[in-house]
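Shown below: data10.txt, with compact mmCIF, C-alpha atoms and all ligand atoms.
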```txt
# COMPACT_ATOMS: atom_id res chain seq x y z
CA MET A 1 -1.52 -13.94 -5.53
CA ASN A 2 0.01 -16.87 -3.79
CA PRO A 3 -1.87 -17.29 -0.50
CA LYS A 4 0.22 -20.34 0.32
CA TYR A 5 3.29 -18.20 0.91
CA ARG A 6 2.08 -14.68 1.62
CA LYS A 7 -0.84 -12.51 2.64
CA THR A 8 -3.08 -10.84 0.11
CA VAL A 9 -3.68 -7.28 1.26
CA ILE A 10 -6.29 -4.97 -0.22
CA ALA A 11 -5.67 -1.41 0.96
CA GLY A 12 -7.72 1.66 0.26
CA ASN A 13 -6.06 5.07 0.05
CA TRP A 14 -8.67 7.71 0.69
CA LYS A 15 -6.18 10.52 0.04
CA MET A 16 -7.69 13.89 1.02
CA ASN A 17 -11.29 12.77 0.67
CA MET A 18 -14.28 11.98 2.87
CA LEU A 19 -15.43 13.59 6.12
CA ASN A 20 -15.45 12.17 9.61
CA SER A 21 -19.24 11.91 9.44
CA GLN A 22 -19.01 9.72 6.32
CA VAL A 23 -16.77 7.07 7.86
CA LYS A 24 -19.43 5.10 9.72
CA PRO A 25 -21.95 4.99 6.85
CA PHE A 26 -19.15 3.81 4.54
CA ALA A 27 -18.12 1.08 6.98
CA GLU A 28 -21.70 -0.11 7.44
CA GLU A 29 -22.28 -0.26 3.70
CA LEU A 30 -19.03 -2.16 3.13
CA LYS A 31 -19.80 -4.70 5.83
CA GLY A 32 -23.16 -5.34 4.20
CA ILE A 33 -21.74 -6.26 0.81
CA VAL A 34 -18.45 -8.05 1.40
CA ASN A 35 -18.86 -11.80 1.19
CA LYS A 36 -18.25 -12.65 4.81
CA PRO A 37 -16.55 -14.26 6.55
CA LYS A 38 -13.78 -14.71 3.98
CA TRP A 39 -12.14 -11.31 4.25
CA CYS A 40 -8.61 -11.18 2.94
CA ASP A 41 -6.51 -8.63 4.84
CA VAL A 42 -8.22 -5.30 4.28
CA VAL A 43 -6.85 -1.90 5.21
CA VAL A 44 -8.32 1.56 4.83
CA CYS A 45 -5.74 4.37 4.89
CA VAL A 46 -7.53 7.50 6.00
CA PRO A 47 -6.52 11.12 6.69
CA TYR A 48 -4.93 11.30 10.16
CA ILE A 49 -7.90 12.96 11.82
CA MET A 50 -10.29 10.24 10.69
CA ALA A 51 -8.24 7.39 12.18
CA PRO A 52 -10.16 7.24 15.51
CA ALA A 53 -13.54 7.28 13.75
CA ALA A 54 -12.37 4.62 11.30
CA MET A 55 -11.05 2.34 14.05
CA LYS A 56 -14.38 2.60 15.83
CA ALA A 57 -16.42 2.03 12.69
CA PHE A 58 -14.39 -1.00 11.56
CA LYS A 59 -13.72 -2.58 14.93
CA ASP A 60 -16.16 -5.45 14.57
CA CYS A 61 -14.82 -6.64 11.20
CA ARG A 62 -11.45 -7.54 9.79
CA VAL A 63 -10.55 -4.12 8.48
CA GLU A 64 -7.43 -2.44 9.83
CA VAL A 65 -6.84 1.27 9.78
CA GLY A 66 -3.84 2.97 8.25
CA VAL A 67 -2.81 6.50 7.42
CA GLN A 68 -1.05 8.05 4.44
CA ASN A 69 2.14 9.55 5.83
CA LEU A 70 4.23 10.10 8.95
CA ASN A 71 7.20 12.16 10.01
CA GLU A 72 10.53 10.37 10.14
CA ASN A 73 11.61 11.95 13.43
CA GLU A 74 10.76 10.47 16.78
CA LYS A 75 9.52 13.73 18.28
CA GLY A 76 10.40 17.38 18.61
CA ALA A 77 9.93 20.76 17.00
CA PHE A 78 8.26 19.75 13.74
CA THR A 79 5.13 21.89 13.65
CA GLY A 80 2.17 20.23 12.02
CA GLU A 81 3.74 16.80 11.81
CA VAL A 82 2.71 13.41 13.19
CA SER A 83 5.14 10.78 14.49
CA ALA A 84 5.09 7.01 14.18
CA SER A 85 4.70 6.53 17.92
CA MET A 86 1.65 8.85 17.97
CA LEU A 87 0.07 6.67 15.32
CA ALA A 88 0.94 3.42 17.06
CA ASP A 89 -0.36 4.82 20.34
CA LEU A 90 -3.67 5.54 18.65
CA GLY A 91 -3.96 1.97 17.35
CA VAL A 92 -3.12 2.66 13.72
CA LYS A 93 -1.50 -0.41 12.11
CA TYR A 94 -0.43 0.63 8.61
CA VAL A 95 1.13 3.67 6.98
CA ILE A 96 1.60 4.47 3.31
CA ILE A 97 5.11 5.76 2.67
CA GLY A 98 6.50 7.48 -0.42
CA HIS A 99 3.28 7.74 -2.39
CA SER A 100 4.03 9.43 -5.71
CA GLU A 101 1.78 12.36 -4.78
CA ARG A 102 3.97 13.00 -1.74
CA ARG A 103 7.10 12.67 -3.85
CA GLN A 104 5.65 15.03 -6.46
CA TYR A 105 3.98 17.70 -4.31
CA TYR A 106 5.85 17.52 -1.01
CA GLY A 107 9.41 16.84 -2.08
CA GLU A 108 9.75 13.35 -0.66
CA THR A 109 12.82 11.55 -1.89
CA ASP A 110 14.04 7.97 -1.82
CA ILE A 111 16.21 8.95 1.15
CA SER A 112 13.31 10.41 3.16
CA VAL A 113 11.27 7.34 2.26
CA ASN A 114 14.00 5.17 3.79
CA LYS A 115 13.95 7.23 7.00
CA LYS A 116 10.18 6.96 7.20
CA VAL A 117 10.32 3.19 6.66
CA HIS A 118 12.65 2.93 9.66
CA ALA A 119 10.43 5.19 11.76
CA ALA A 120 7.37 3.07 10.94
CA ILE A 121 9.08 -0.25 11.64
CA ASN A 122 10.58 0.98 14.90
CA ALA A 123 7.12 1.94 16.11
CA GLY A 124 5.65 -1.43 15.09
CA LEU A 125 3.67 -0.08 12.13
CA THR A 126 3.46 -1.86 8.79
CA PRO A 127 4.77 0.42 6.05
CA ILE A 128 3.20 0.22 2.59
CA VAL A 129 6.13 1.50 0.57
CA CYS A 130 5.23 2.94 -2.83
CA VAL A 131 7.52 2.76 -5.83
CA GLY A 132 6.81 3.42 -9.49
CA GLU A 133 7.96 5.01 -12.69
CA SER A 134 6.66 7.97 -14.67
CA LEU A 135 5.47 7.60 -18.25
CA GLU A 136 8.69 9.22 -19.50
CA GLN A 137 10.80 6.74 -17.54
CA ARG A 138 8.78 3.82 -18.91
CA GLU A 139 9.18 5.10 -22.44
CA LEU A 140 12.92 5.49 -21.94
CA GLY A 141 13.07 1.83 -20.97
CA VAL A 142 14.50 2.41 -17.48
CA THR A 143 11.55 1.15 -15.41
CA LEU A 144 13.21 -1.92 -13.93
CA GLU A 145 16.46 -0.14 -13.06
CA LEU A 146 14.52 2.66 -11.40
CA ILE A 147 12.40 0.22 -9.41
CA ASP A 148 15.54 -1.65 -8.29
CA TYR A 149 17.01 1.61 -7.02
CA GLN A 150 13.80 2.71 -5.28
CA VAL A 151 13.33 -0.63 -3.53
CA LYS A 152 16.98 -0.92 -2.47
CA THR A 153 17.03 2.61 -1.11
CA ALA A 154 13.71 2.30 0.70
CA LEU A 155 14.85 -0.89 2.42
CA ALA A 156 18.45 0.13 3.18
CA GLY A 157 19.29 -0.90 6.73
CA VAL A 158 16.04 -2.78 7.31
CA PRO A 159 16.95 -6.04 9.07
CA ALA A 160 15.68 -9.33 7.66
CA GLU A 161 13.52 -10.09 10.68
CA LYS A 162 11.53 -6.89 10.09
CA MET A 163 10.76 -7.71 6.48
CA ARG A 164 7.68 -9.65 7.50
CA LYS A 165 6.23 -6.27 8.43
CA VAL A 166 6.90 -4.59 5.10
CA ILE A 167 4.56 -4.28 2.12
CA ILE A 168 5.71 -2.89 -1.20
CA ALA A 169 3.22 -1.27 -3.57
CA TYR A 170 4.10 -0.95 -7.25
CA GLU A 171 2.29 2.12 -8.49
CA PRO A 172 3.17 3.30 -11.99
CA ILE A 173 2.64 7.08 -11.80
CA TRP A 174 0.98 7.15 -15.21
CA ALA A 175 -1.73 4.77 -13.96
CA ILE A 176 -2.67 6.67 -10.80
CA GLY A 177 -6.03 8.40 -11.00
CA THR A 178 -5.90 8.30 -14.79
CA GLY A 179 -8.17 5.35 -15.48
CA LYS A 180 -5.21 3.88 -17.35
CA THR A 181 -4.32 0.60 -15.66
CA ALA A 182 -1.09 -1.23 -16.35
CA THR A 183 -1.84 -4.49 -18.12
CA ALA A 184 -1.74 -7.50 -15.83
CA GLU A 185 1.49 -8.58 -17.55
CA GLN A 186 3.15 -5.16 -17.15
CA ALA A 187 2.17 -5.00 -13.50
CA ASN A 188 3.31 -8.55 -12.81
CA GLU A 189 6.64 -7.99 -14.55
CA VAL A 190 7.51 -5.15 -12.18
CA CYS A 191 6.14 -6.90 -9.08
CA ALA A 192 8.30 -9.91 -9.99
CA GLU A 193 11.30 -7.59 -10.35
CA ILE A 194 10.62 -6.17 -6.87
CA ARG A 195 10.56 -9.71 -5.51
CA ALA A 196 13.85 -10.45 -7.30
CA VAL A 197 15.46 -7.40 -5.66
CA ILE A 198 14.23 -8.56 -2.26
CA ARG A 199 15.56 -12.05 -3.01
CA LYS A 200 19.00 -10.62 -3.71
CA LEU A 201 18.90 -8.56 -0.52
CA TYR A 202 17.28 -11.03 1.88
CA GLY A 203 17.16 -14.46 0.27
CA ALA A 204 14.44 -16.61 -1.28
CA ARG A 205 12.45 -17.38 1.86
CA ILE A 206 11.82 -13.74 2.71
CA ALA A 207 11.21 -12.75 -0.91
CA ARG A 208 8.56 -15.44 -1.18
CA ALA A 209 6.78 -14.14 1.91
CA VAL A 210 6.66 -10.41 1.13
CA THR A 211 3.34 -8.94 0.01
CA ILE A 212 3.68 -6.87 -3.16
CA GLN A 213 0.66 -4.86 -4.23
CA TYR A 214 -0.26 -3.22 -7.49
CA GLY A 215 -1.83 0.24 -7.47
CA GLY A 216 -3.06 2.52 -10.22
CA SER A 217 -6.67 2.63 -11.37
CA MET A 218 -7.44 -0.77 -9.89
CA ASN A 219 -11.20 -1.26 -9.71
CA ASP A 220 -13.87 -3.90 -9.33
CA GLY A 221 -13.72 -4.61 -13.07
CA ASN A 222 -9.98 -5.25 -13.44
CA ALA A 223 -9.03 -6.52 -9.97
CA ALA A 224 -9.60 -10.22 -10.65
CA GLU A 225 -7.25 -10.26 -13.63
CA LEU A 226 -4.53 -8.29 -11.81
CA LEU A 227 -4.81 -10.39 -8.66
CA ALA A 228 -4.60 -13.61 -10.65
CA GLN A 229 -0.99 -12.75 -11.51
CA PRO A 230 1.52 -14.78 -9.51
CA ASP A 231 3.49 -11.83 -8.11
CA ILE A 232 0.63 -9.39 -7.41
CA ASP A 233 -0.50 -9.92 -3.82
CA GLY A 234 -3.13 -7.27 -3.47
CA GLY A 235 -3.90 -3.70 -4.36
CA LEU A 236 -3.48 -0.14 -3.21
CA ILE A 237 -6.65 1.52 -4.34
CA GLY A 238 -7.42 5.22 -4.54
CA GLY A 239 -10.59 6.29 -6.36
CA ALA A 240 -12.40 2.96 -6.15
CA SER A 241 -11.81 2.73 -2.38
CA LEU A 242 -14.10 5.72 -1.85
CA VAL A 243 -17.13 3.84 -3.17
CA ALA A 244 -18.14 0.96 -0.91
CA THR A 245 -19.60 -1.15 -3.73
CA LYS A 246 -16.44 -0.84 -5.82
CA PHE A 247 -14.09 -1.45 -2.90
CA ALA A 248 -16.17 -4.48 -1.90
CA GLY A 249 -15.95 -5.76 -5.47
CA ILE A 250 -12.14 -5.71 -5.22
CA ILE A 251 -12.15 -7.42 -1.81
CA ASN A 252 -14.50 -10.06 -3.12
CA ALA A 253 -12.24 -10.63 -6.14
CA ALA A 254 -9.33 -11.22 -3.76
CA ASN A 255 -11.41 -13.52 -1.58
CA LYS A 256 -12.44 -15.65 -4.55
CA GLU A 257 -8.99 -16.94 -5.39
P1 LIG A 301 -6.12 5.26 -8.03
O1 LIG A 301 -5.00 5.64 -6.95
O2 LIG A 301 -6.63 3.90 -7.66
O3 LIG A 301 -7.16 6.34 -7.89
O4 LIG A 301 -5.46 5.26 -9.35
C1 LIG A 301 -4.11 4.67 -6.47
C2 LIG A 301 -3.18 5.30 -5.48
O5 LIG A 301 -2.82 6.47 -5.65
O6 LIG A 301 -2.77 4.66 -4.50
```

Would you mind writing the file's structure down as structure tokens?
Ligand code: PGA
Amino acid sequence: MNPKYRKTVIAGNWKMNMLNSQVKPFAEELKGIVNKPKWCDVVVCVPYIMAPAAMKAFKDCRVEVGVQNLNENEKGAFTGEVSASMLADLGVKYVIIGHSERRQYYGETDISVNKKVHAAINAGLTPIVCVGESLEQRELGVTLELIDYQVKTALAGVPAEKMRKVIIAYEPIWAIGTGKTATAEQANEVCAEIRAVIRKLYGARIARAVTIQYGGSMNDGNAAELLAQPDIDGGLIGGASLVATKFAGIINAANKE
């Protein structure tokens, strides 16, 4: 983290978990255990249909609501899809884009990620853009090249003045939901590489200001060490964000620095 230059953002990704009726009890429990008032920026990315309940439940504390996907088109005949302007209209502030589960199960590509990034930015949403390598790619030694390509493609055409709105999340696929966290050094190496790519594309000032998260089995036990790394500016947290005590532990670790 480097709070002097950029925001630390702790974001939960609830994936396809929880029920509407569980949102308020979760919010109340979280509010009771986070060391107030020093909340770093906290986001909870919920299933679309829980966004209104989450905004209501979190409205009196510094937790913003995000979702986990959007459609890249502005509007039209796309049955079952949700547009960026629908989300913005509802009051949603963040959207996860290109999560590896969407790439793996729903055919998202680097090109569709780029289109979704534009859709989010145009609607005033903050995209949390996920990049990361598989275990095979890491073992082949191509992690940094792959990350360069993913970041460049995701950001293609994004103007410099919009970069303040963009968050990148480094999520090694082999660490997601596996209990296998990247070491702090491994995670920082890739986050630093992402910053170097942004520096090449946009210059040092913007690179220094962009929030780059780590995600992949981050929990209340390992968060402090990961967040102490100079290029890791927060976390994207799946499993541990479903348990208020664990999520609070991560927020408190970020607040401590
Ligand atoms: P995990 O998920 O924390 O359960 O590993 C992270 C993510 O998928 O964003």

Which chain A residues have any atom within 9 Å of an atom of ligand LIG 301 (chain A), and for each, what is the nearest pair of atoms with distance in Å to one decimal, counting only C-alpha atoms and all ligand atoms, rows sorted by chain and number, as JSON lines?
```
{"residue": "A:Ala11", "atom": "CA", "partner": "A:LIG301", "partner_atom": "O6", "distance": 8.7}
{"residue": "A:Gly12", "atom": "CA", "partner": "A:LIG301", "partner_atom": "O6", "distance": 7.5}
{"residue": "A:Asn13", "atom": "CA", "partner": "A:LIG301", "partner_atom": "O6", "distance": 5.6}
{"residue": "A:Trp14", "atom": "CA", "partner": "A:LIG301", "partner_atom": "O6", "distance": 8.4}
{"residue": "A:Lys15", "atom": "CA", "partner": "A:LIG301", "partner_atom": "O5", "distance": 7.8}
{"residue": "A:Ile96", "atom": "CA", "partner": "A:LIG301", "partner_atom": "O6", "distance": 9.0}
{"residue": "A:His99", "atom": "CA", "partner": "A:LIG301", "partner_atom": "O5", "distance": 7.0}
{"residue": "A:Ser100", "atom": "CA", "partner": "A:LIG301", "partner_atom": "O5", "distance": 7.5}
{"residue": "A:Glu101", "atom": "CA", "partner": "A:LIG301", "partner_atom": "O5", "distance": 7.5}
{"residue": "A:Cys130", "atom": "CA", "partner": "A:LIG301", "partner_atom": "O6", "distance": 8.4}
{"residue": "A:Ala169", "atom": "CA", "partner": "A:LIG301", "partner_atom": "O6", "distance": 8.5}
{"residue": "A:Glu171", "atom": "CA", "partner": "A:LIG301", "partner_atom": "O6", "distance": 6.9}
{"residue": "A:Ile173", "atom": "CA", "partner": "A:LIG301", "partner_atom": "O5", "distance": 8.2}
{"residue": "A:Trp174", "atom": "CA", "partner": "A:LIG301", "partner_atom": "O4", "distance": 8.9}
{"residue": "A:Ala175", "atom": "CA", "partner": "A:LIG301", "partner_atom": "O4", "distance": 6.0}
{"residue": "A:Ile176", "atom": "CA", "partner": "A:LIG301", "partner_atom": "O4", "distance": 3.4}
{"residue": "A:Gly177", "atom": "CA", "partner": "A:LIG301", "partner_atom": "O4", "distance": 3.6}
{"residue": "A:Thr178", "atom": "CA", "partner": "A:LIG301", "partner_atom": "O4", "distance": 6.2}
{"residue": "A:Gly179", "atom": "CA", "partner": "A:LIG301", "partner_atom": "O4", "distance": 6.7}
{"residue": "A:Lys180", "atom": "CA", "partner": "A:LIG301", "partner_atom": "O4", "distance": 8.1}
{"residue": "A:Thr181", "atom": "CA", "partner": "A:LIG301", "partner_atom": "O4", "distance": 7.9}
{"residue": "A:Tyr214", "atom": "CA", "partner": "A:LIG301", "partner_atom": "O6", "distance": 8.8}
{"residue": "A:Gly215", "atom": "CA", "partner": "A:LIG301", "partner_atom": "C1", "distance": 5.1}
{"residue": "A:Gly216", "atom": "CA", "partner": "A:LIG301", "partner_atom": "O4", "distance": 3.7}
{"residue": "A:Ser217", "atom": "CA", "partner": "A:LIG301", "partner_atom": "O4", "distance": 3.5}
{"residue": "A:Met218", "atom": "CA", "partner": "A:LIG301", "partner_atom": "O2", "distance": 5.2}
{"residue": "A:Asn219", "atom": "CA", "partner": "A:LIG301", "partner_atom": "O2", "distance": 7.2}
{"residue": "A:Gly235", "atom": "CA", "partner": "A:LIG301", "partner_atom": "O6", "distance": 8.4}
{"residue": "A:Leu236", "atom": "CA", "partner": "A:LIG301", "partner_atom": "O6", "distance": 5.0}
{"residue": "A:Ile237", "atom": "CA", "partner": "A:LIG301", "partner_atom": "O2", "distance": 4.1}
{"residue": "A:Gly238", "atom": "CA", "partner": "A:LIG301", "partner_atom": "O1", "distance": 3.4}
{"residue": "A:Gly239", "atom": "CA", "partner": "A:LIG301", "partner_atom": "O3", "distance": 3.8}
{"residue": "A:Ala240", "atom": "CA", "partner": "A:LIG301", "partner_atom": "O2", "distance": 6.0}
{"residue": "A:Ser241", "atom": "CA", "partner": "A:LIG301", "partner_atom": "O2", "distance": 7.5}
```

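Nearest to Val44 (chain A) of all the residues A:Ala244, A:Lys200, A:Lys116, A:Ser85 is A:Ala244, based on only C-alpha atoms.
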
Nearest candidate to Cys61 (chain A) (options A:Ala228, A:Ala160, A:Met16, A:Val42; using all atoms listed in the file): A:Val42

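Interatomic distance, CA of Asn114 (chain A) to CA of Met18 (chain A): 29.1 Å.
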
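Picture a line from CA of Val190 (chain A) to CA of Gly141 (chain A); it runs 12.5 Å.
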
Measure the distance from CA of Ile97 (chain A) to CA of Arg195 (chain A) in Å and round it to one decimal. 18.3 Å

Nearest to Met50 (chain A), chosen from A:Ser112, A:Gln229, A:Asn20, A:Asn71, with all atoms listed in the file counted in the distances: A:Asn20

Within 10 Å of region 122-127 of chain A, which residues of region 77-100 of chain A come that close, and what is the closest atom pair and distance in Å for each? Count only C-alpha atoms and give it as a tab-separated table.
```
residue	atom	partner	partner_atom	distance
A:Ser83	CA	A:Ala123	CA	9.2
A:Ala84	CA	A:Ala123	CA	5.8
A:Ser85	CA	A:Ala123	CA	5.5
A:Met86	CA	A:Ala123	CA	9.0
A:Leu87	CA	A:Leu125	CA	8.3
A:Ala88	CA	A:Ala123	CA	6.4
A:Asp89	CA	A:Ala123	CA	9.1
A:Gly91	CA	A:Leu125	CA	9.5
A:Val92	CA	A:Leu125	CA	7.5
A:Lys93	CA	A:Leu125	CA	5.2
A:Tyr94	CA	A:Thr126	CA	4.6
A:Val95	CA	A:Pro127	CA	5.0
A:Ile96	CA	A:Pro127	CA	5.8
A:Ile97	CA	A:Pro127	CA	6.3
A:Gly98	CA	A:Pro127	CA	9.7
```

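Take the candidates A:Val46, A:Ile10, A:Ala154, A:Leu144 and check each one against Phe247 (chain A) using all atoms listed in the file; the shortest distance goes to A:Ile10.
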
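Candidate residues A:Glu81, A:Asp231, A:Glu225, A:Glu136 were compared for distance to Arg6 (chain A), and the nearest is A:Asp231, using only C-alpha atoms.
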
Using all atoms listed in the file, list the residues that have an atom at most 10 Å from (15.2, -6.1, -16.4), coordinates as in the file, as a list in words. Gly141, Val142, Thr143, Leu144, Glu145, Ile147, Asp148, Glu189, Val190 and Glu193 of chain A

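Counting only C-alpha atoms and comparing A:Val129, A:Met163, A:Val117, A:Ala187, the residue that lies closest to Gly203 (chain A) is A:Met163.
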
Enumerate, as a JSON list (two decimals) with C-alpha atoms, in the frame of the given file, the protein, DNA and RNA residues whose atoms approach (-10.0, -15.6, -3.5) to within 10 Å, taking into account only C-alpha atoms and the coordinate frame of the file.
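Okay, this is what ended up in out_26.json:
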```json
[["chain", "number", "residue", "atom", "x", "y", "z"],
["A", 1, "MET", "CA", -1.52, -13.94, -5.53],
["A", 3, "PRO", "CA", -1.87, -17.29, -0.50],
["A", 8, "THR", "CA", -3.08, -10.84, 0.11],
["A", 38, "LYS", "CA", -13.78, -14.71, 3.98],
["A", 39, "TRP", "CA", -12.14, -11.31, 4.25],
["A", 40, "CYS", "CA", -8.61, -11.18, 2.94],
["A", 224, "ALA", "CA", -9.60, -10.22, -10.65],
["A", 227, "LEU", "CA", -4.81, -10.39, -8.66],
["A", 228, "ALA", "CA", -4.60, -13.61, -10.65],
["A", 251, "ILE", "CA", -12.15, -7.42, -1.81],
["A", 252, "ASN", "CA", -14.50, -10.06, -3.12],
["A", 253, "ALA", "CA", -12.24, -10.63, -6.14],
["A", 254, "ALA", "CA", -9.33, -11.22, -3.76],
["A", 255, "ASN", "CA", -11.41, -13.52, -1.58],
["A", 256, "LYS", "CA", -12.44, -15.65, -4.55],
["A", 257, "GLU", "CA", -8.99, -16.94, -5.39]]
```
